[in-house]
$ cat model_34.cif   # mmCIF, C-alpha atoms
data_run
loop_
_atom_site.label_atom_id
_atom_site.label_comp_id
_atom_site.auth_asym_id
_atom_site.auth_seq_id
_atom_site.Cartn_x
_atom_site.Cartn_y
_atom_site.Cartn_z
CA MET S 1 -20.55 15.83 17.48
CA THR S 2 -18.72 18.09 19.92
CA THR S 3 -14.96 17.77 19.98
CA ASN S 4 -12.17 19.18 22.11
CA ILE S 5 -9.57 19.61 19.39
CA HIS S 6 -6.80 21.83 20.74
CA THR S 7 -5.84 24.80 18.60
CA THR S 8 -3.39 27.66 19.08
CA GLN S 9 -3.75 30.78 16.95
CA CYS S 10 -1.68 33.76 15.88
CA GLY S 11 -2.15 36.56 13.37
CA THR S 12 -5.25 38.65 12.76
CA ASP S 13 -5.79 38.87 9.01
CA ASP S 14 -9.03 37.81 7.32
CA GLU S 15 -7.22 35.02 5.45
CA SER S 16 -7.15 31.83 7.54
CA ILE S 17 -4.56 29.03 7.36
CA SER S 18 -4.79 25.86 9.45
CA LEU S 19 -1.75 23.63 9.95
CA LEU S 20 -2.00 19.86 10.56
CA HIS S 21 1.07 18.00 11.85
CA GLY S 22 2.31 14.49 11.12
CA TRP S 23 2.51 11.22 13.05
CA GLY S 24 4.06 11.40 16.51
CA PHE S 25 4.13 15.20 16.80
CA ASN S 26 1.65 17.99 17.60
CA GLY S 27 0.87 21.54 16.57
CA THR S 28 4.04 22.97 18.13
CA ILE S 29 6.07 21.62 15.21
CA TRP S 30 4.57 24.48 13.18
CA ASN S 31 5.59 27.28 15.57
CA GLU S 32 8.19 28.89 13.30
CA THR S 33 6.04 28.45 10.18
CA ALA S 34 3.00 29.92 11.95
CA LYS S 35 4.91 33.02 13.04
CA ALA S 36 6.09 33.62 9.48
CA LEU S 37 2.63 33.14 7.96
CA ALA S 38 0.94 35.25 10.66
CA HIS S 39 2.13 38.46 8.99
CA HIS S 40 -0.55 37.94 6.34
CA ALA S 41 -3.06 35.49 7.83
CA ARG S 42 -4.78 34.14 10.91
CA VAL S 43 -2.92 30.88 11.53
CA SER S 44 -4.19 27.92 13.55
CA CYS S 45 -1.91 25.09 14.71
CA ILE S 46 -4.07 22.05 15.41
CA ASP S 47 -3.31 19.00 17.55
CA LEU S 48 -4.69 15.86 15.91
CA PRO S 49 -6.81 13.64 18.19
CA GLY S 50 -4.65 11.82 20.73
CA HIS S 51 -1.72 14.19 20.11
CA GLY S 52 -0.64 17.21 22.12
CA LYS S 53 -3.60 18.52 24.11
CA SER S 54 -6.33 16.95 21.97
CA PRO S 55 -7.99 13.93 23.60
CA MET S 56 -8.43 10.54 22.00
CA PRO S 57 -11.63 10.15 19.98
CA ALA S 58 -14.32 7.77 21.13
CA GLY S 59 -14.39 4.51 19.20
CA ASP S 60 -11.94 3.35 16.57
CA TYR S 61 -9.02 5.55 15.50
CA ARG S 62 -10.04 5.90 11.86
CA LEU S 63 -9.11 8.44 9.18
CA GLU S 64 -12.75 9.42 8.77
CA THR S 65 -13.07 10.06 12.51
CA LEU S 66 -9.97 12.27 12.56
CA ALA S 67 -11.26 14.22 9.55
CA ASP S 68 -14.69 14.79 11.07
CA GLN S 69 -13.30 15.96 14.41
CA VAL S 70 -10.64 18.24 12.96
CA ALA S 71 -13.15 19.69 10.47
CA GLU S 72 -15.20 21.01 13.39
CA ALA S 73 -12.19 23.04 14.54
CA LEU S 74 -11.58 24.61 11.12
CA PRO S 75 -12.94 27.96 9.98
CA GLU S 76 -15.11 28.02 6.88
CA GLN S 77 -13.39 28.28 3.50
CA GLY S 78 -9.82 28.57 4.74
CA SER S 79 -6.55 27.13 3.52
CA VAL S 80 -5.35 23.89 5.13
CA VAL S 81 -1.74 22.72 5.21
CA GLY S 82 -1.26 19.04 6.02
CA TRP S 83 2.12 17.42 6.58
CA SER S 84 2.56 13.64 6.13
CA LEU S 85 -0.30 11.98 8.09
CA GLY S 86 -1.81 15.44 8.51
CA GLY S 87 -1.96 15.72 4.72
CA MET S 88 -3.98 12.53 4.52
CA VAL S 89 -6.36 13.94 7.16
CA ALA S 90 -6.59 17.18 5.14
CA MET S 91 -7.49 15.25 1.98
CA GLN S 92 -10.20 13.36 3.83
CA ILE S 93 -11.61 16.63 5.19
CA ALA S 94 -11.64 18.08 1.68
CA LEU S 95 -13.62 15.03 0.52
CA ARG S 96 -16.06 14.82 3.43
CA HIS S 97 -16.39 18.53 4.29
CA PRO S 98 -15.52 20.42 1.08
CA HIS S 99 -16.99 23.70 2.36
CA LYS S 100 -14.27 23.82 5.01
CA ILE S 101 -11.33 24.01 2.63
CA LYS S 102 -10.82 26.59 -0.09
CA LYS S 103 -7.19 25.74 -0.80
CA LEU S 104 -5.30 22.57 0.05
CA ILE S 105 -1.54 22.34 0.63
CA LEU S 106 -0.07 18.85 0.98
CA VAL S 107 3.46 18.61 2.39
CA GLY S 108 5.36 15.33 2.16
CA SER S 109 2.03 13.55 1.96
CA SER S 110 0.37 10.99 -0.24
CA ALA S 111 -2.99 9.43 -1.00
CA ARG S 112 -1.35 6.09 -0.22
CA PHE S 113 1.80 5.76 1.88
CA VAL S 114 2.76 2.15 1.14
CA ARG S 115 3.71 0.64 -2.18
CA ASP S 116 1.84 -1.74 -4.40
CA ASP S 117 2.31 -2.92 -7.97
CA ASP S 118 1.37 0.42 -9.54
CA TRP S 119 2.63 2.61 -6.68
CA ARG S 120 6.17 1.35 -6.54
CA TYR S 121 7.97 4.45 -5.21
CA ALA S 122 6.13 4.44 -1.87
CA ILE S 123 7.61 2.83 1.23
CA SER S 124 7.25 -0.84 2.09
CA THR S 125 4.45 -1.79 4.47
CA GLU S 126 7.00 -3.80 6.46
CA ILE S 127 8.68 -0.57 7.60
CA LEU S 128 5.47 0.70 9.21
CA GLN S 129 4.67 -2.74 10.59
CA ASP S 130 8.07 -2.81 12.26
CA PHE S 131 7.36 0.53 13.95
CA SER S 132 3.94 -0.73 15.04
CA THR S 133 5.49 -3.82 16.66
CA ALA S 134 8.25 -1.82 18.34
CA LEU S 135 5.83 0.71 19.87
CA SER S 136 4.55 -1.79 22.42
CA SER S 137 8.04 -2.50 23.78
CA ASP S 138 9.70 0.93 23.71
CA LEU S 139 7.59 3.93 22.73
CA HIS S 140 10.31 6.55 23.19
CA GLU S 141 12.94 4.67 21.21
CA THR S 142 10.45 3.99 18.40
CA LEU S 143 9.61 7.69 18.12
CA GLN S 144 13.31 8.54 17.97
CA ARG S 145 13.82 5.98 15.18
CA PHE S 146 10.94 7.45 13.23
CA ILE S 147 12.47 10.92 13.55
CA ALA S 148 15.73 9.59 12.09
CA LEU S 149 13.83 8.09 9.16
CA GLN S 150 12.24 11.45 8.38
CA ILE S 151 15.47 13.42 8.11
CA MET S 152 17.31 10.97 5.84
CA GLY S 153 18.61 12.70 2.74
CA SER S 154 18.18 16.28 3.91
CA ASP S 155 21.13 18.62 3.40
CA GLU S 156 20.80 19.83 6.98
CA SER S 157 19.97 16.49 8.58
CA ARG S 158 21.81 17.13 11.85
CA ILE S 159 20.10 20.47 12.40
CA ILE S 160 16.67 19.05 11.54
CA LEU S 161 17.27 15.99 13.73
CA ARG S 162 18.06 18.25 16.68
CA LYS S 163 14.96 20.38 16.06
CA LEU S 164 12.67 17.38 15.78
CA ARG S 165 14.08 15.76 18.92
CA GLU S 166 13.77 19.00 20.88
CA LEU S 167 10.15 19.38 19.78
CA MET S 168 9.29 15.80 20.64
CA ASN S 169 11.07 15.81 23.99
CA SER S 170 9.57 19.14 25.09
CA ASN S 171 5.99 17.90 24.71
CA GLU S 172 3.94 15.14 26.25
CA ALA S 173 4.12 11.99 24.15
CA PRO S 174 1.08 11.18 22.01
CA HIS S 175 -1.37 8.60 23.32
CA PRO S 176 -0.05 5.11 22.45
CA ALA S 177 -3.38 4.22 20.86
CA ALA S 178 -3.15 7.31 18.65
CA LEU S 179 0.32 6.23 17.52
CA GLN S 180 -0.86 2.71 16.72
CA GLY S 181 -3.98 4.05 15.04
CA GLY S 182 -1.98 6.52 12.98
CA LEU S 183 0.38 3.80 11.77
CA LYS S 184 -2.60 1.67 10.80
CA ILE S 185 -4.00 4.57 8.76
CA LEU S 186 -0.65 5.04 7.02
CA GLN S 187 -0.52 1.31 6.26
CA GLU S 188 -4.10 0.83 5.07
CA ALA S 189 -5.64 4.09 3.82
CA ASP S 190 -5.84 4.59 0.06
CA LEU S 191 -7.51 7.75 -1.26
CA ARG S 192 -6.29 7.50 -4.85
CA THR S 193 -9.64 6.62 -6.40
CA GLN S 194 -11.28 9.56 -4.62
CA LEU S 195 -8.83 12.27 -5.64
CA SER S 196 -10.78 13.13 -8.79
CA GLN S 197 -13.57 14.40 -6.50
CA LEU S 198 -11.37 17.11 -4.98
CA GLN S 199 -12.35 20.48 -6.40
CA GLN S 200 -10.05 22.59 -4.24
CA SER S 201 -6.97 24.24 -5.69
CA THR S 202 -4.14 22.06 -4.43
CA LEU S 203 -0.43 22.65 -3.94
CA MET S 204 1.82 19.65 -3.35
CA ILE S 205 5.19 20.37 -1.73
CA VAL S 206 7.76 17.61 -1.45
CA GLY S 207 11.44 17.49 -0.62
CA GLN S 208 13.74 16.35 -3.41
CA ARG S 209 15.40 13.92 -0.96
CA ASP S 210 12.30 12.81 0.92
CA THR S 211 12.59 9.06 1.52
CA LEU S 212 9.11 8.62 3.02
CA THR S 213 7.09 10.35 0.29
CA ARG S 214 9.39 10.46 -2.68
CA PRO S 215 9.00 13.05 -5.46
CA GLN S 216 8.22 10.17 -7.85
CA THR S 217 5.16 9.31 -5.75
CA ALA S 218 4.03 12.94 -5.83
CA GLN S 219 4.48 12.96 -9.61
CA GLN S 220 2.31 9.83 -9.87
CA MET S 221 -0.33 11.47 -7.71
CA LEU S 222 -0.38 14.80 -9.54
CA PRO S 223 -2.52 13.74 -12.56
CA LEU S 224 -5.09 12.22 -10.20
CA LEU S 225 -5.86 15.67 -8.77
CA PRO S 226 -8.04 17.96 -10.94
CA HIS S 227 -6.61 21.31 -9.79
CA ALA S 228 -3.09 20.69 -8.51
CA ARG S 229 0.49 21.66 -9.05
CA LEU S 230 3.70 20.26 -7.59
CA GLU S 231 6.70 22.06 -6.09
CA ILE S 232 9.86 20.08 -5.32
CA ILE S 233 12.28 21.73 -2.88
CA ASP S 234 15.90 20.96 -3.72
CA SER S 235 18.00 19.26 -1.04
CA ALA S 236 15.02 18.97 1.35
CA GLY S 237 13.90 15.80 3.12
CA HIS S 238 10.55 14.97 4.69
CA ALA S 239 10.25 18.22 6.68
CA PRO S 240 10.94 21.05 4.20
CA PHE S 241 9.24 23.61 6.46
CA LEU S 242 12.09 23.05 8.95
CA SER S 243 15.02 22.71 6.55
CA HIS S 244 13.95 25.40 4.05
CA PRO S 245 11.55 27.65 6.02
CA LYS S 246 11.81 30.80 3.90
CA GLN S 247 11.23 28.99 0.61
CA PHE S 248 8.42 26.95 2.14
CA VAL S 249 6.52 29.98 3.46
CA GLU S 250 6.99 31.84 0.16
CA LEU S 251 5.48 28.93 -1.77
CA ILE S 252 2.41 28.90 0.46
CA GLU S 253 1.92 32.66 0.41
CA GLN S 254 2.26 32.82 -3.37
CA PHE S 255 -0.16 29.95 -3.84
CA ILE S 256 -2.80 31.46 -1.57
CA LYS S 257 -2.43 34.90 -3.13
CA ASN S 258 -2.23 33.97 -6.81
CA HIS S 259 -4.40 30.87 -7.23
#
$ encode --input "model_34.cif" --output "structure tokens"
Amino acid sequence: MTTNIHTTQCGTDDESISLLHGWGFNGTIWNETAKALAHHARVSCIDLPGHGKSPMPAGDYRLETLADQVAEALPEQGSVVGWSLGGMVAMQIALRHPHKIKKLILVGSSARFVRDDDWRYAISTEILQDFSTALSSDLHETLQRFIALQIMGSDESRIILRKLRELMNSNEAPHPAALQGGLKILQEADLRTQLSQLQQSTLMIVGQRDTLTRPQTAQQMLPLLPHARLEIIDSAGHAPFLSHPKQFVELIEQFIKNH
């Protein structure tokens, strides 16, 4: 399979770090993080299929398809940072293409995004269904509502809200089918039973006040991963790399260097 996944790179070091964004955004959301990490690594900001400058995939918009296409754009044996939906894609890559990922960093992400009887701290499926329904009537307003949901609880919510809106408004909107497909993945995908197969060293980073992927969900997920540790960033919401950039970068650099 030949893909046209769009990637921007900075830094020149032998260590490689690839950054995967979340639903509704593209690789530009990582610009500040990439510049900070580029002092010690070659950093790639990747647009998921149907986002930014990456085209829609042929066929159904499935998690496995996203993982296979993004995997082709990754260097061998690098570190991969996945935020939210991007974290789920990163986990699927680690399962399907383990040679591609040496170290896995999951940011505000989960093996299952919606709650069930034994996963009660996750969000309700009705929230994502509501966004899915609203997309068809007003795409822009739905994206703005989703941004507001992501910054709830953060100490610097107004600053983060402004940053997220500027990033979204300065780029071409994702393909509507990619948005619908991404919401379907968040509603339906469940990787919990497969986590024991992950052999990569894994760092989970979650904001203490994240309302989309709560710390309690991360704590439930932690024992399912064979080689993982969890870092909770105080006063952060769903986007700790924007609200606490220095602490976020330090956690990643320490993890890559020491583990």
$ closest_residue --input "model_34.cif" --among "S:Ile5, S:Met221, S:Ala178, S:Leu85" --to "Asp118 in chain S" --atoms "only C-alpha atoms"
S:Met221
$ resolve_selection --input "model_34.cif" --expression "the PyMOL selection byres ((chain S and resi 23) around 8)" --output "list in words"
His21, Gly22, Gly24, Phe25, Ser84, Leu85, Gly86, Leu179, Gly182 and Leu183 of chain S
$ residues_near_point --input "model_34.cif" --point "(0.2, 14.2, 6.2)" --cutoff "9 Å" --atoms "all atoms listed in the file" --output "PyMOL selection string"
chain S and resi 20-23+81-91+106-110
$ resolve_selection --input "model_34.cif" --expression "the PyMOL selection byres ((chain S and resi 39) around 12)" --output "PyMOL selection string"
chain S and resi 10-17+33-38+40-43+249+253
$ write_last_selection --input "model_34.cif" --atoms "C-alpha atoms" --output "PDB file, in the frame of the given file"
ATOM      1  CA  CYS S  10      -1.680  33.760  15.880  1.00  0.00           C
ATOM      2  CA  GLY S  11      -2.150  36.560  13.370  1.00  0.00           C
ATOM      3  CA  THR S  12      -5.250  38.650  12.760  1.00  0.00           C
ATOM      4  CA  ASP S  13      -5.790  38.870   9.010  1.00  0.00           C
ATOM      5  CA  ASP S  14      -9.030  37.810   7.320  1.00  0.00           C
ATOM      6  CA  GLU S  15      -7.220  35.020   5.450  1.00  0.00           C
ATOM      7  CA  SER S  16      -7.150  31.830   7.540  1.00  0.00           C
ATOM      8  CA  ILE S  17      -4.560  29.030   7.360  1.00  0.00           C
ATOM      9  CA  THR S  33       6.040  28.450  10.180  1.00  0.00           C
ATOM     10  CA  ALA S  34       3.000  29.920  11.950  1.00  0.00           C
ATOM     11  CA  LYS S  35       4.910  33.020  13.040  1.00  0.00           C
ATOM     12  CA  ALA S  36       6.090  33.620   9.480  1.00  0.00           C
ATOM     13  CA  LEU S  37       2.630  33.140   7.960  1.00  0.00           C
ATOM     14  CA  ALA S  38       0.940  35.250  10.660  1.00  0.00           C
ATOM     15  CA  HIS S  40      -0.550  37.940   6.340  1.00  0.00           C
ATOM     16  CA  ALA S  41      -3.060  35.490   7.830  1.00  0.00           C
ATOM     17  CA  ARG S  42      -4.780  34.140  10.910  1.00  0.00           C
ATOM     18  CA  VAL S  43      -2.920  30.880  11.530  1.00  0.00           C
ATOM     19  CA  VAL S 249       6.520  29.980   3.460  1.00  0.00           C
ATOM     20  CA  GLU S 253       1.920  32.660   0.410  1.00  0.00           C
TER      21      GLU S 253
END
$ closest_residue --input "model_34.cif" --among "S:Pro98, S:Gly27, S:Pro57, S:Pro245" --to "Glu76 in chain S" --atoms "all atoms listed in the file"
S:Pro98
$ resolve_selection --input "model_34.cif" --expression "the PyMOL selection byres ((chain S and resi 193-202) around 6)" --output "number ranges by chain"
S: 102-105, 191-192, 203, 224-228
$ closest_residue --input "model_34.cif" --among "S:Lys257, S:Lys53, S:Arg62, S:Arg214" --to "His238 in chain S" --atoms "all atoms listed in the file"
S:Arg214
$ atom_distance --input "model_34.cif" --atom1 "CA of Met204 in chain S" --atom2 "CA of Gln129 in chain S"
26.5 Å
$ atom_distance --input "model_34.cif" --atom1 "CA of Asp234 in chain S" --atom2 "CA of Arg209 in chain S"
7.6 Å
$ closest_residue --input "model_34.cif" --among "S:Gln180, S:Ala189, S:Asp138, S:Leu149" --to "Gln92 in chain S" --atoms "only C-alpha atoms"
S:Ala189
$ residues_around --input "model_34.cif" --residues "Thr142 in chain S" --least-positions-apart "6" --cutoff "8 Å" --atoms "all atoms listed in the file" --output "MDAnalysis selection string"
chainID S and resid 131 134:135
$ atom_distance --input "model_34.cif" --atom1 "CA of Thr65 in chain S" --atom2 "CA of Ile29 in chain S"
22.5 Å
$ closest_residue --input "model_34.cif" --among "S:Gly207, S:Leu95, S:Pro176, S:Ala236" --to "Ser137 in chain S" --atoms "all atoms listed in the file"
S:Pro176
$ closest_residue --input "model_34.cif" --among "S:Asn26, S:Gln77, S:Asn4, S:Gln247" --to "Asn171 in chain S" --atoms "only C-alpha atoms"
S:Asn26
$ residues_around --input "model_34.cif" --residues "Ile123 in chain S" --least-positions-apart "6" --cutoff "10 Å" --atoms "only C-alpha atoms" --output "mmCIF file with C-alpha atoms, keeping the file's coordinate frame"
data_model
loop_
_atom_site.group_PDB
_atom_site.id
_atom_site.type_symbol
_atom_site.label_atom_id
_atom_site.label_comp_id
_atom_site.auth_asym_id
_atom_site.auth_seq_id
_atom_site.Cartn_x
_atom_site.Cartn_y
_atom_site.Cartn_z
ATOM 1 C CA ARG S 112 -1.350 6.090 -0.220
ATOM 2 C CA PHE S 113 1.800 5.760 1.880
ATOM 3 C CA VAL S 114 2.760 2.150 1.140
ATOM 4 C CA ARG S 115 3.710 0.640 -2.180
ATOM 5 C CA ASP S 116 1.840 -1.740 -4.400
ATOM 6 C CA GLN S 187 -0.520 1.310 6.260
ATOM 7 C CA THR S 211 12.590 9.060 1.520
ATOM 8 C CA LEU S 212 9.110 8.620 3.020
ATOM 9 C CA THR S 213 7.090 10.350 0.290
ATOM 10 C CA ARG S 214 9.390 10.460 -2.680
ATOM 11 C CA THR S 217 5.160 9.310 -5.750
#
